[in-house]
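Q: Just protein_39.pdb, nothing more (PDB, C-alpha atoms, pLDDT in the B column):
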ATOM      1  CA  MET A   1      98.698 149.744 158.984  1.00 45.00           C
ATOM      2  CA  ASN A   2      98.309 146.762 156.664  1.00 44.00           C
ATOM      3  CA  SER A   3     101.281 145.088 154.985  1.00 42.00           C
ATOM      4  CA  LYS A   4     100.713 146.644 151.554  1.00 41.00           C
ATOM      5  CA  ILE A   5     100.558 150.187 152.897  1.00 40.00           C
ATOM      6  CA  LYS A   6     103.646 149.487 154.983  1.00 41.00           C
ATOM      7  CA  ALA A   7     105.497 148.189 151.924  1.00 43.00           C
ATOM      8  CA  LEU A   8     104.434 151.221 149.915  1.00 41.00           C
ATOM      9  CA  SER A   9     105.704 153.523 152.649  1.00 45.00           C
ATOM     10  CA  VAL A  10     109.016 151.713 152.871  1.00 39.00           C
ATOM     11  CA  ALA A  11     109.541 151.788 149.113  1.00 44.00           C
ATOM     12  CA  ALA A  12     108.666 155.469 148.968  1.00 43.00           C
ATOM     13  CA  ALA A  13     111.096 156.219 151.768  1.00 42.00           C
ATOM     14  CA  LEU A  14     113.823 154.285 150.019  1.00 43.00           C
ATOM     15  CA  ALA A  15     113.230 156.133 146.780  1.00 43.00           C
ATOM     16  CA  ALA A  16     113.275 159.490 148.548  1.00 43.00           C
ATOM     17  CA  SER A  17     116.431 158.671 150.484  1.00 40.00           C
ATOM     18  CA  LEU A  18     118.216 157.733 147.310  1.00 40.00           C
ATOM     19  CA  GLY A  19     117.171 160.962 145.611  1.00 42.00           C
ATOM     20  CA  LEU A  20     115.336 159.089 142.917  1.00 40.00           C
ATOM     21  CA  ALA A  21     112.101 161.004 142.686  1.00 36.00           C
ATOM     22  CA  GLY A  22     113.175 163.142 139.756  1.00 37.00           C
ATOM     23  CA  CYS A  23     115.928 161.039 138.234  1.00 39.00           C
ATOM     24  CA  ALA A  24     113.705 159.421 135.640  1.00 38.00           C
ATOM     25  CA  THR A  25     113.884 162.646 133.671  1.00 36.00           C
ATOM     26  CA  ASP A  26     117.618 163.226 134.187  1.00 40.00           C
ATOM     27  CA  ALA A  27     120.105 162.540 131.475  1.00 36.00           C
ATOM     28  CA  GLY A  28     122.379 160.760 133.938  1.00 37.00           C
ATOM     29  CA  SER A  29     125.230 158.448 133.078  1.00 37.00           C
ATOM     30  CA  SER A  30     125.377 154.760 133.762  1.00 37.00           C
ATOM     31  CA  GLY A  31     127.145 155.480 137.032  1.00 38.00           C
ATOM     32  CA  GLY A  32     130.346 153.864 135.869  1.00 36.00           C
ATOM     33  CA  SER A  33     128.954 150.351 135.667  1.00 36.00           C
ATOM     34  CA  THR A  34     130.946 148.040 133.452  1.00 34.00           C
ATOM     35  CA  MET A  35     128.413 145.245 133.456  1.00 36.00           C
ATOM     36  CA  PRO A  36     127.749 144.378 129.802  1.00 35.00           C
ATOM     37  CA  MET A  37     124.256 144.068 128.450  1.00 35.00           C
ATOM     38  CA  ASN A  38     123.410 140.841 126.712  1.00 36.00           C
ATOM     39  CA  HIS A  39     119.831 141.167 125.625  1.00 34.00           C
ATOM     40  CA  GLY A  40     120.132 138.340 123.158  1.00 34.00           C
ATOM     41  CA  SER A  41     121.338 135.706 125.611  1.00 35.00           C
ATOM     42  CA  SER A  42     119.336 132.647 126.405  1.00 35.00           C
ATOM     43  CA  GLY A  43     118.144 131.842 129.897  1.00 39.00           C
ATOM     44  CA  PRO A  44     115.933 133.641 132.424  1.00 42.00           C
ATOM     45  CA  ALA A  45     116.925 137.159 131.330  1.00 43.00           C
ATOM     46  CA  SER A  46     115.997 136.656 127.689  1.00 38.00           C
ATOM     47  CA  SER A  47     112.259 136.859 128.414  1.00 43.00           C
ATOM     48  CA  MET A  48     112.655 140.164 130.262  1.00 51.00           C
ATOM     49  CA  MET A  49     114.004 142.471 127.577  1.00 49.00           C
ATOM     50  CA  PRO A  50     114.324 146.105 128.688  1.00 46.00           C
ATOM     51  CA  ASP A  51     111.361 148.156 127.491  1.00 47.00           C
ATOM     52  CA  ALA A  52     111.958 151.897 127.618  1.00 48.00           C
ATOM     53  CA  SER A  53     108.340 152.613 126.694  1.00 46.00           C
ATOM     54  CA  ALA A  54     106.907 150.763 129.683  1.00 55.00           C
ATOM     55  CA  GLY A  55     105.891 152.894 132.634  1.00 92.00           C
ATOM     56  CA  HIS A  56     108.089 152.827 135.704  1.00 96.00           C
ATOM     57  CA  ASN A  57     108.264 154.656 139.008  1.00 97.00           C
ATOM     58  CA  PRO A  58     110.862 155.415 141.712  1.00 96.00           C
ATOM     59  CA  ALA A  59     110.193 152.072 143.413  1.00 97.00           C
ATOM     60  CA  ASP A  60     111.169 150.253 140.191  1.00 97.00           C
ATOM     61  CA  ILE A  61     114.382 152.275 139.961  1.00 97.00           C
ATOM     62  CA  ALA A  62     115.242 151.664 143.623  1.00 96.00           C
ATOM     63  CA  PHE A  63     114.580 147.942 143.201  1.00 97.00           C
ATOM     64  CA  SER A  64     117.062 147.524 140.353  1.00 97.00           C
ATOM     65  CA  GLN A  65     119.659 149.887 141.809  1.00 96.00           C
ATOM     66  CA  MET A  66     119.660 147.934 145.070  1.00 96.00           C
ATOM     67  CA  MET A  67     119.247 144.444 143.635  1.00 97.00           C
ATOM     68  CA  ILE A  68     122.193 144.764 141.228  1.00 97.00           C
ATOM     69  CA  PRO A  69     124.877 145.028 143.950  1.00 96.00           C
ATOM     70  CA  HIS A  70     122.904 142.592 146.107  1.00 97.00           C
ATOM     71  CA  HIS A  71     122.985 140.006 143.316  1.00 97.00           C
ATOM     72  CA  ALA A  72     126.639 140.819 142.626  1.00 97.00           C
ATOM     73  CA  GLN A  73     127.575 139.828 146.165  1.00 97.00           C
ATOM     74  CA  ALA A  74     125.693 136.527 145.824  1.00 98.00           C
ATOM     75  CA  VAL A  75     127.651 135.821 142.636  1.00 98.00           C
ATOM     76  CA  GLU A  76     130.886 136.709 144.459  1.00 98.00           C
ATOM     77  CA  MET A  77     130.093 134.327 147.319  1.00 98.00           C
ATOM     78  CA  SER A  78     129.243 131.599 144.820  1.00 98.00           C
ATOM     79  CA  ASP A  79     132.569 132.131 143.047  1.00 98.00           C
ATOM     80  CA  MET A  80     134.374 131.846 146.399  1.00 98.00           C
ATOM     81  CA  ILE A  81     132.832 128.479 147.216  1.00 98.00           C
ATOM     82  CA  LEU A  82     133.352 127.169 143.687  1.00 98.00           C
ATOM     83  CA  ALA A  83     137.068 128.037 143.902  1.00 98.00           C
ATOM     84  CA  LYS A  84     137.598 125.929 147.036  1.00 98.00           C
ATOM     85  CA  PRO A  85     138.804 122.320 146.810  1.00 96.00           C
ATOM     86  CA  ASP A  86     136.776 119.326 147.940  1.00 95.00           C
ATOM     87  CA  MET A  87     133.432 121.052 148.293  1.00 97.00           C
ATOM     88  CA  PRO A  88     130.350 118.764 148.426  1.00 97.00           C
ATOM     89  CA  ALA A  89     128.668 118.284 145.075  1.00 97.00           C
ATOM     90  CA  ASP A  90     125.298 119.571 146.305  1.00 97.00           C
ATOM     91  CA  VAL A  91     126.924 122.782 147.560  1.00 98.00           C
ATOM     92  CA  THR A  92     128.797 123.448 144.313  1.00 98.00           C
ATOM     93  CA  ALA A  93     125.614 122.686 142.356  1.00 98.00           C
ATOM     94  CA  LEU A  94     123.717 125.246 144.433  1.00 98.00           C
ATOM     95  CA  ALA A  95     126.459 127.873 144.030  1.00 98.00           C
ATOM     96  CA  THR A  96     126.464 127.292 140.264  1.00 98.00           C
ATOM     97  CA  LYS A  97     122.662 127.596 140.116  1.00 98.00           C
ATOM     98  CA  ILE A  98     122.726 130.876 142.064  1.00 98.00           C
ATOM     99  CA  LYS A  99     125.456 132.312 139.835  1.00 97.00           C
ATOM    100  CA  ASP A 100     123.772 131.180 136.613  1.00 97.00           C
ATOM    101  CA  ALA A 101     120.443 132.742 137.655  1.00 97.00           C
ATOM    102  CA  GLN A 102     121.606 136.007 139.156  1.00 97.00           C
ATOM    103  CA  ALA A 103     124.322 137.083 136.705  1.00 96.00           C
ATOM    104  CA  PRO A 104     121.826 137.365 133.789  1.00 97.00           C
ATOM    105  CA  GLU A 105     119.370 139.176 136.076  1.00 98.00           C
ATOM    106  CA  ILE A 106     122.075 141.767 136.800  1.00 98.00           C
ATOM    107  CA  GLU A 107     122.380 142.364 133.057  1.00 97.00           C
ATOM    108  CA  THR A 108     118.611 142.654 132.684  1.00 98.00           C
ATOM    109  CA  MET A 109     118.259 145.210 135.485  1.00 98.00           C
ATOM    110  CA  THR A 110     121.264 147.154 134.201  1.00 98.00           C
ATOM    111  CA  GLY A 111     119.535 147.346 130.813  1.00 97.00           C
ATOM    112  CA  TRP A 112     116.346 148.692 132.345  1.00 97.00           C
ATOM    113  CA  LEU A 113     118.164 151.441 134.229  1.00 97.00           C
ATOM    114  CA  GLU A 114     120.140 152.450 131.152  1.00 96.00           C
ATOM    115  CA  ASP A 115     116.956 152.580 129.069  1.00 95.00           C
ATOM    116  CA  TRP A 116     115.377 154.760 131.763  1.00 96.00           C
ATOM    117  CA  ASN A 117     118.432 157.030 131.563  1.00 96.00           C
ATOM    118  CA  VAL A 118     119.239 156.773 135.274  1.00 95.00           C
ATOM    119  CA  PRO A 119     122.444 155.678 137.051  1.00 94.00           C
ATOM    120  CA  THR A 120     122.925 151.934 137.384  1.00 91.00           C
ATOM    121  CA  MET A 121     124.563 152.457 140.756  1.00 84.00           C
ATOM    122  CA  MET A 122     123.085 154.094 143.822  1.00 78.00           C
ATOM    123  CA  SER A 123     124.448 157.514 144.713  1.00 67.00           C
ATOM    124  CA  ASP A 124     124.627 156.293 148.320  1.00 58.00           C
ATOM    125  CA  HIS A 125     127.184 153.471 148.304  1.00 48.00           C
ATOM    126  CA  SER A 126     126.529 152.531 151.937  1.00 49.00           C
ATOM    127  CA  GLY A 127     123.972 149.983 150.794  1.00 50.00           C
ATOM    128  CA  HIS A 128     121.096 151.719 152.568  1.00 57.00           C
ATOM    129  CA  GLY A 129     117.959 149.683 152.132  1.00 62.00           C
ATOM    130  CA  MET A 130     119.733 146.481 151.055  1.00 81.00           C
ATOM    131  CA  THR A 131     118.979 143.904 153.717  1.00 87.00           C
ATOM    132  CA  GLY A 132     120.933 140.673 153.998  1.00 93.00           C
ATOM    133  CA  MET A 133     124.241 142.025 152.695  1.00 96.00           C
ATOM    134  CA  VAL A 134     127.319 140.349 154.188  1.00 96.00           C
ATOM    135  CA  ASP A 135     129.838 142.772 155.695  1.00 96.00           C
ATOM    136  CA  SER A 136     133.507 142.834 154.694  1.00 96.00           C
ATOM    137  CA  GLU A 137     134.546 140.780 157.713  1.00 97.00           C
ATOM    138  CA  GLY A 138     132.048 138.077 156.834  1.00 97.00           C
ATOM    139  CA  MET A 139     133.261 137.998 153.238  1.00 97.00           C
ATOM    140  CA  GLU A 140     136.873 137.659 154.382  1.00 98.00           C
ATOM    141  CA  LYS A 141     135.956 134.786 156.696  1.00 97.00           C
ATOM    142  CA  LEU A 142     134.230 132.984 153.828  1.00 98.00           C
ATOM    143  CA  LYS A 143     137.188 133.600 151.541  1.00 97.00           C
ATOM    144  CA  ASP A 144     139.640 132.103 154.054  1.00 97.00           C
ATOM    145  CA  ALA A 145     137.501 129.197 155.300  1.00 98.00           C
ATOM    146  CA  GLN A 146     137.994 125.641 154.107  1.00 97.00           C
ATOM    147  CA  GLY A 147     136.128 122.359 154.322  1.00 97.00           C
ATOM    148  CA  THR A 148     133.010 122.112 156.472  1.00 97.00           C
ATOM    149  CA  ASP A 149     133.608 125.570 157.934  1.00 98.00           C
ATOM    150  CA  ALA A 150     133.453 127.068 154.432  1.00 98.00           C
ATOM    151  CA  VAL A 151     130.250 125.194 153.635  1.00 98.00           C
ATOM    152  CA  ARG A 152     128.608 126.311 156.868  1.00 98.00           C
ATOM    153  CA  LEU A 153     129.598 129.958 156.381  1.00 98.00           C
ATOM    154  CA  PHE A 154     128.439 129.941 152.760  1.00 98.00           C
ATOM    155  CA  LEU A 155     125.047 128.501 153.644  1.00 98.00           C
ATOM    156  CA  GLU A 156     124.509 130.786 156.639  1.00 98.00           C
ATOM    157  CA  HIS A 157     125.537 133.887 154.692  1.00 98.00           C
ATOM    158  CA  MET A 158     123.460 132.952 151.666  1.00 98.00           C
ATOM    159  CA  ILE A 159     120.324 132.187 153.673  1.00 98.00           C
ATOM    160  CA  GLY A 160     120.410 135.659 155.234  1.00 97.00           C
ATOM    161  CA  HIS A 161     121.274 137.161 151.863  1.00 98.00           C
ATOM    162  CA  HIS A 162     118.318 135.447 150.185  1.00 98.00           C
ATOM    163  CA  GLU A 163     115.978 136.574 152.967  1.00 98.00           C
ATOM    164  CA  GLY A 164     117.045 140.148 152.301  1.00 97.00           C
ATOM    165  CA  ALA A 165     116.459 139.768 148.571  1.00 97.00           C
ATOM    166  CA  ILE A 166     112.972 138.391 149.203  1.00 98.00           C
ATOM    167  CA  ASP A 167     112.168 141.389 151.403  1.00 97.00           C
ATOM    168  CA  MET A 168     113.303 143.760 148.631  1.00 97.00           C
ATOM    169  CA  ALA A 169     111.328 141.788 146.047  1.00 98.00           C
ATOM    170  CA  GLN A 170     108.158 141.971 148.125  1.00 97.00           C
ATOM    171  CA  GLN A 171     108.513 145.748 148.366  1.00 97.00           C
ATOM    172  CA  GLU A 172     108.777 145.949 144.571  1.00 98.00           C
ATOM    173  CA  ILE A 173     105.734 143.714 144.098  1.00 98.00           C
ATOM    174  CA  ALA A 174     103.717 146.005 146.376  1.00 98.00           C
ATOM    175  CA  ALA A 175     104.946 149.398 145.157  1.00 98.00           C
ATOM    176  CA  GLY A 176     106.386 148.945 141.654  1.00 98.00           C
ATOM    177  CA  LYS A 177     104.812 149.903 138.324  1.00 97.00           C
ATOM    178  CA  HIS A 178     107.094 148.393 135.651  1.00 98.00           C
ATOM    179  CA  PRO A 179     105.565 145.001 134.732  1.00 97.00           C
ATOM    180  CA  GLU A 180     108.872 143.260 133.977  1.00 97.00           C
ATOM    181  CA  SER A 181     110.409 144.469 137.246  1.00 98.00           C
ATOM    182  CA  ILE A 182     107.428 143.204 139.212  1.00 98.00           C
ATOM    183  CA  GLN A 183     107.622 139.835 137.440  1.00 98.00           C
ATOM    184  CA  LEU A 184     111.347 139.579 138.162  1.00 98.00           C
ATOM    185  CA  ALA A 185     110.641 140.363 141.818  1.00 98.00           C
ATOM    186  CA  ARG A 186     108.080 137.554 141.913  1.00 98.00           C
ATOM    187  CA  ASP A 187     110.565 135.165 140.288  1.00 98.00           C
ATOM    188  CA  ILE A 188     113.279 136.129 142.780  1.00 98.00           C
ATOM    189  CA  ALA A 189     110.966 135.591 145.740  1.00 98.00           C
ATOM    190  CA  THR A 190     109.803 132.191 144.484  1.00 98.00           C
ATOM    191  CA  SER A 191     113.221 130.812 143.538  1.00 98.00           C
ATOM    192  CA  GLN A 192     115.035 132.096 146.594  1.00 98.00           C
ATOM    193  CA  GLU A 193     112.395 130.821 149.016  1.00 98.00           C
ATOM    194  CA  ALA A 194     112.975 127.353 147.524  1.00 98.00           C
ATOM    195  CA  GLU A 195     116.746 127.746 147.788  1.00 98.00           C
ATOM    196  CA  ILE A 196     116.481 128.822 151.437  1.00 98.00           C
ATOM    197  CA  ALA A 197     114.622 125.600 152.223  1.00 98.00           C
ATOM    198  CA  GLU A 198     117.286 123.627 150.357  1.00 98.00           C
ATOM    199  CA  MET A 199     120.120 125.364 152.214  1.00 98.00           C
ATOM    200  CA  LYS A 200     118.498 124.816 155.606  1.00 98.00           C
ATOM    201  CA  GLU A 201     118.368 121.097 154.854  1.00 97.00           C
ATOM    202  CA  MET A 202     122.063 121.172 153.918  1.00 97.00           C
ATOM    203  CA  LEU A 203     122.932 122.960 157.154  1.00 97.00           C
ATOM    204  CA  ALA A 204     120.989 120.414 159.193  1.00 96.00           C
ATOM    205  CA  GLY A 205     123.041 117.656 157.586  1.00 94.00           C
ATOM    206  CA  LEU A 206     126.457 119.096 158.468  1.00 93.00           C
TER     207      LEU A 206
END
Please express what this file holds, its structure, as structure tokens.
A:
Amino acid sequence: MNSKIKALSVAAALAASLGLAGCATDAGSSGGSTMPMNHGSSGPASSMMPDASAGHNPADIAFSQMMIPHHAQAVEMSDMILAKPDMPADVTALATKIKDAQAPEIETMTGWLEDWNVPTMMSDHSGHGMTGMVDSEGMEKLKDAQGTDAVRLFLEHMIGHHEGAIDMAQQEIAAGKHPESIQLARDIATSQEAEIAEMKEMLAGL
């Protein structure tokens, strides 16, 4: 089985497990999401305006529904490190860059799901299919850590988190239909691969 067929199978399984196959025609709610849409903002999201007329498939829906909470956790981890005193400048710069990139992408993906009239949150809140997520214990450890320990935990957690996001993005690139979603997946894979390399260098220097 080649990699593309494997990715297609995985994406199809994810969509089926989330009960997404028929939801594109449902008149579902936004799933209780309070994330505001800001289609007129500047930055990376502004070039990816939601387009309800563009074709999409269950893989596109699964991608956004999984990537929204995945991104939200990355923003949360970034906020944690930015709230700590005496963090190295390169670490705070990285956390700021991650937050500034991913928060607008959350808004963009939320807009797509709302335009497609599907829930913006997965019906299965266990996070099935989202690789790289940090568990509650890991988040608590990061929240409580200080100094070099905090930096190390942040970098280790974020490297694994980014690797998970890249895996999800590659599945969307292989199986998705919505052009803007596929482009966002490519952008995520490219930017986060570069950030992983940067974080590994930071870890080596601790």
Q: Could you build a table of the residues in stretch 128-158 of chain A lying no more than 12 Å from stretch 54-74 of chain A, giving for each the nearest pair of atoms and their separation in Å rounded to one decimal place, using all atoms listed in the file, ordered by chain and ascending residue number, as JSON lines?
A:
{"residue": "A:His128", "atom": "CA", "partner": "A:Met66", "partner_atom": "CA", "distance": 8.5}
{"residue": "A:Gly129", "atom": "CA", "partner": "A:Met66", "partner_atom": "CA", "distance": 7.5}
{"residue": "A:Met130", "atom": "CA", "partner": "A:Met66", "partner_atom": "CA", "distance": 6.2}
{"residue": "A:Thr131", "atom": "CA", "partner": "A:His70", "partner_atom": "CA", "distance": 8.7}
{"residue": "A:Gly132", "atom": "CA", "partner": "A:His70", "partner_atom": "CA", "distance": 8.4}
{"residue": "A:Met133", "atom": "CA", "partner": "A:His70", "partner_atom": "CA", "distance": 6.7}
{"residue": "A:Val134", "atom": "CA", "partner": "A:Gln73", "partner_atom": "CA", "distance": 8.0}
{"residue": "A:Asp135", "atom": "CA", "partner": "A:Gln73", "partner_atom": "CA", "distance": 10.2}
{"residue": "A:Ser136", "atom": "CA", "partner": "A:Gln73", "partner_atom": "CA", "distance": 10.8}
{"residue": "A:Gly138", "atom": "CA", "partner": "A:Gln73", "partner_atom": "CA", "distance": 11.7}
{"residue": "A:Met139", "atom": "CA", "partner": "A:Gln73", "partner_atom": "CA", "distance": 9.3}
{"residue": "A:Phe154", "atom": "CA", "partner": "A:Ala74", "partner_atom": "CA", "distance": 10.0}
{"residue": "A:Leu155", "atom": "CA", "partner": "A:Ala74", "partner_atom": "CA", "distance": 11.2}
{"residue": "A:His157", "atom": "CA", "partner": "A:Ala74", "partner_atom": "CA", "distance": 9.3}
{"residue": "A:Met158", "atom": "CA", "partner": "A:Ala74", "partner_atom": "CA", "distance": 7.2}
Q: Rounded to one decimal place, report the atom CA of A:Ser191-atom CA of A:Thr92 distance in Å.
A: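 Taking atom CA of A:Ser191 and atom CA of A:Thr92, their separation equals 17.2 Å.
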Q: Calculated over only C-alpha atoms, which of the candidates A:Gly147, A:Pro119, A:Gly164, A:Gly205 has the smallest distance to A:Lys84?
A: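 Using only C-alpha atoms, A:Lys84 sits closest to A:Gly147.
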Q: If we count only C-alpha atoms and set the cut-off at 8 Å, which residues sit around A:Gln192, ignoring sequence neighbours fewer than 5 positions away in its own chain? Please answer as a PyMOL selection string.
A: chain A and resi 162-163+166
Q: For A:Asp79, which residue out of A:Ile196, A:Ile173, A:Ile159, A:Leu142 is the nearest one, using all atoms listed in the file?
A: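 Looking only at the distances to A:Asp79, the closest residue turns out to be A:Leu142.
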Q: Need the neighbours of (111.3, 142.5, 140.1): which residues are at most 12 Å away, counting only C-alpha atoms, as a CSV table (one decimal) with C-alpha atoms, keeping the file's coordinate frame?
A:
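As a result, point_21.csv now contains:
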chain,number,residue,atom,x,y,z
A,45,ALA,CA,116.9,137.2,131.3
A,48,MET,CA,112.7,140.2,130.3
A,56,HIS,CA,108.1,152.8,135.7
A,59,ALA,CA,110.2,152.1,143.4
A,60,ASP,CA,111.2,150.3,140.2
A,61,ILE,CA,114.4,152.3,140.0
A,62,ALA,CA,115.2,151.7,143.6
A,63,PHE,CA,114.6,147.9,143.2
A,64,SER,CA,117.1,147.5,140.4
A,65,GLN,CA,119.7,149.9,141.8
A,66,MET,CA,119.7,147.9,145.1
A,67,MET,CA,119.2,144.4,143.6
A,68,ILE,CA,122.2,144.8,141.2
A,105,GLU,CA,119.4,139.2,136.1
A,106,ILE,CA,122.1,141.8,136.8
A,108,THR,CA,118.6,142.7,132.7
A,109,MET,CA,118.3,145.2,135.5
A,112,TRP,CA,116.3,148.7,132.3
A,165,ALA,CA,116.5,139.8,148.6
A,166,ILE,CA,113.0,138.4,149.2
A,167,ASP,CA,112.2,141.4,151.4
A,168,MET,CA,113.3,143.8,148.6
A,169,ALA,CA,111.3,141.8,146.0
A,170,GLN,CA,108.2,142.0,148.1
A,171,GLN,CA,108.5,145.7,148.4
A,172,GLU,CA,108.8,145.9,144.6
A,173,ILE,CA,105.7,143.7,144.1
A,174,ALA,CA,103.7,146.0,146.4
A,175,ALA,CA,104.9,149.4,145.2
A,176,GLY,CA,106.4,148.9,141.7
A,177,LYS,CA,104.8,149.9,138.3
A,178,HIS,CA,107.1,148.4,135.7
A,179,PRO,CA,105.6,145.0,134.7
A,180,GLU,CA,108.9,143.3,134.0
A,181,SER,CA,110.4,144.5,137.2
A,182,ILE,CA,107.4,143.2,139.2
A,183,GLN,CA,107.6,139.8,137.4
A,184,LEU,CA,111.3,139.6,138.2
A,185,ALA,CA,110.6,140.4,141.8
A,186,ARG,CA,108.1,137.6,141.9
A,187,ASP,CA,110.6,135.2,140.3
A,188,ILE,CA,113.3,136.1,142.8
A,189,ALA,CA,111.0,135.6,145.7
A,190,THR,CA,109.8,132.2,144.5
Q: Do you know which residues the PyMOL selection byres ((chain A and resi 85) around 12) returns on this file, as a list of chain:residue names?
A: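 On the file shown, the PyMOL selection byres ((chain A and resi 85) around 12) covers A:Met80, A:Ile81, A:Leu82, A:Ala83, A:Lys84, A:Asp86, A:Met87, A:Pro88, A:Ala89, A:Val91, A:Thr92, A:Ala145, A:Gln146, A:Gly147, A:Thr148, A:Ala150, A:Val151.
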Q: Could you please determine the separation between atom CA of A:Ala95 and atom CA of A:Gly111 in Å, to one decimal place?
A: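 Here the two named atoms are 24.5 Å from each other.
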Q: Which residue is closest to A:Ala197? Choose from A:Leu113, A:Leu153, A:Val118, A:Leu94 and count all atoms listed in the file.
A: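 The answer is A:Leu94, which sits nearest to A:Ala197.
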Q: What is the atom CA of A:Asp100-atom CA of A:His161 distance in Å, reported with one decimal?
A: 16.6 Å
Q: Produce the centre coordinates and the three edge lengths, each in Å to one decimal, of the box along x, y and z that contains all listed atoms of stretch 187-206 of chain A with 8 Å added on each side, as lines of an AutoDock Vina configuration file.
A:
center_x = 118.1
center_y = 126.9
center_z = 149.7
size_x = 32.7
size_y = 34.5
size_z = 34.9
Q: My list of candidates is A:Glu201, A:Glu107, A:Glu193, A:Glu114. Which is closest to A:Arg152 when distances are computed with only C-alpha atoms?
A: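 Selected residue with least distance to A:Arg152: A:Glu201.
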Q: Any chance you could build stretch 190-196 of chain A out to all heavy atoms and write it as a CSV table (one decimal), in the frame of the given file?
A:
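And here's selection.csv as it stands now:
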chain,number,residue,atom,x,y,z
A,190,THR,N,110.1,133.6,144.6
A,190,THR,CA,109.8,132.2,144.5
A,190,THR,C,111.0,131.3,144.5
A,190,THR,O,111.1,130.3,145.2
A,190,THR,CB,109.0,131.9,143.2
A,190,THR,OG1,107.8,132.7,143.2
A,190,THR,CG2,108.7,130.5,143.0
A,191,SER,N,112.0,131.7,143.7
A,191,SER,CA,113.2,130.8,143.5
A,191,SER,C,114.1,130.8,144.8
A,191,SER,O,114.6,129.8,145.2
A,191,SER,CB,114.1,131.2,142.3
A,191,SER,OG,114.6,132.6,142.5
A,192,GLN,N,114.2,132.0,145.4
A,192,GLN,CA,115.0,132.1,146.6
A,192,GLN,C,114.4,131.5,147.8
A,192,GLN,O,115.1,131.0,148.7
A,192,GLN,CB,115.5,133.5,146.8
A,192,GLN,CG,116.4,134.0,145.6
A,192,GLN,CD,117.2,135.2,145.9
A,192,GLN,OE1,117.4,135.6,147.1
A,192,GLN,NE2,117.7,135.8,144.9
A,193,GLU,N,113.1,131.5,147.9
A,193,GLU,CA,112.4,130.8,149.0
A,193,GLU,C,112.7,129.3,148.9
A,193,GLU,O,113.0,128.7,150.0
A,193,GLU,CB,110.9,131.1,149.0
A,193,GLU,CG,110.5,132.4,149.5
A,193,GLU,CD,109.0,132.7,149.2
A,193,GLU,OE1,108.3,131.9,148.5
A,193,GLU,OE2,108.5,133.8,149.6
A,194,ALA,N,112.7,128.8,147.7
A,194,ALA,CA,113.0,127.4,147.5
A,194,ALA,C,114.4,127.1,147.9
A,194,ALA,O,114.7,126.0,148.5
A,194,ALA,CB,112.7,126.9,146.1
A,195,GLU,N,115.3,128.0,147.5
A,195,GLU,CA,116.7,127.7,147.8
A,195,GLU,C,117.0,127.9,149.3
A,195,GLU,O,117.9,127.2,149.8
A,195,GLU,CB,117.6,128.7,147.0
A,195,GLU,CG,117.6,128.4,145.5
A,195,GLU,CD,118.3,129.5,144.7
A,195,GLU,OE1,118.7,130.5,145.2
A,195,GLU,OE2,118.4,129.3,143.4
A,196,ILE,N,116.3,128.7,150.0
A,196,ILE,CA,116.5,128.8,151.4
A,196,ILE,C,116.1,127.5,152.1
A,196,ILE,O,116.8,127.0,153.0
A,196,ILE,CB,115.6,130.0,152.0
A,196,ILE,CG1,116.2,131.3,151.7
A,196,ILE,CG2,115.5,129.8,153.5
A,196,ILE,CD1,115.3,132.5,152.0
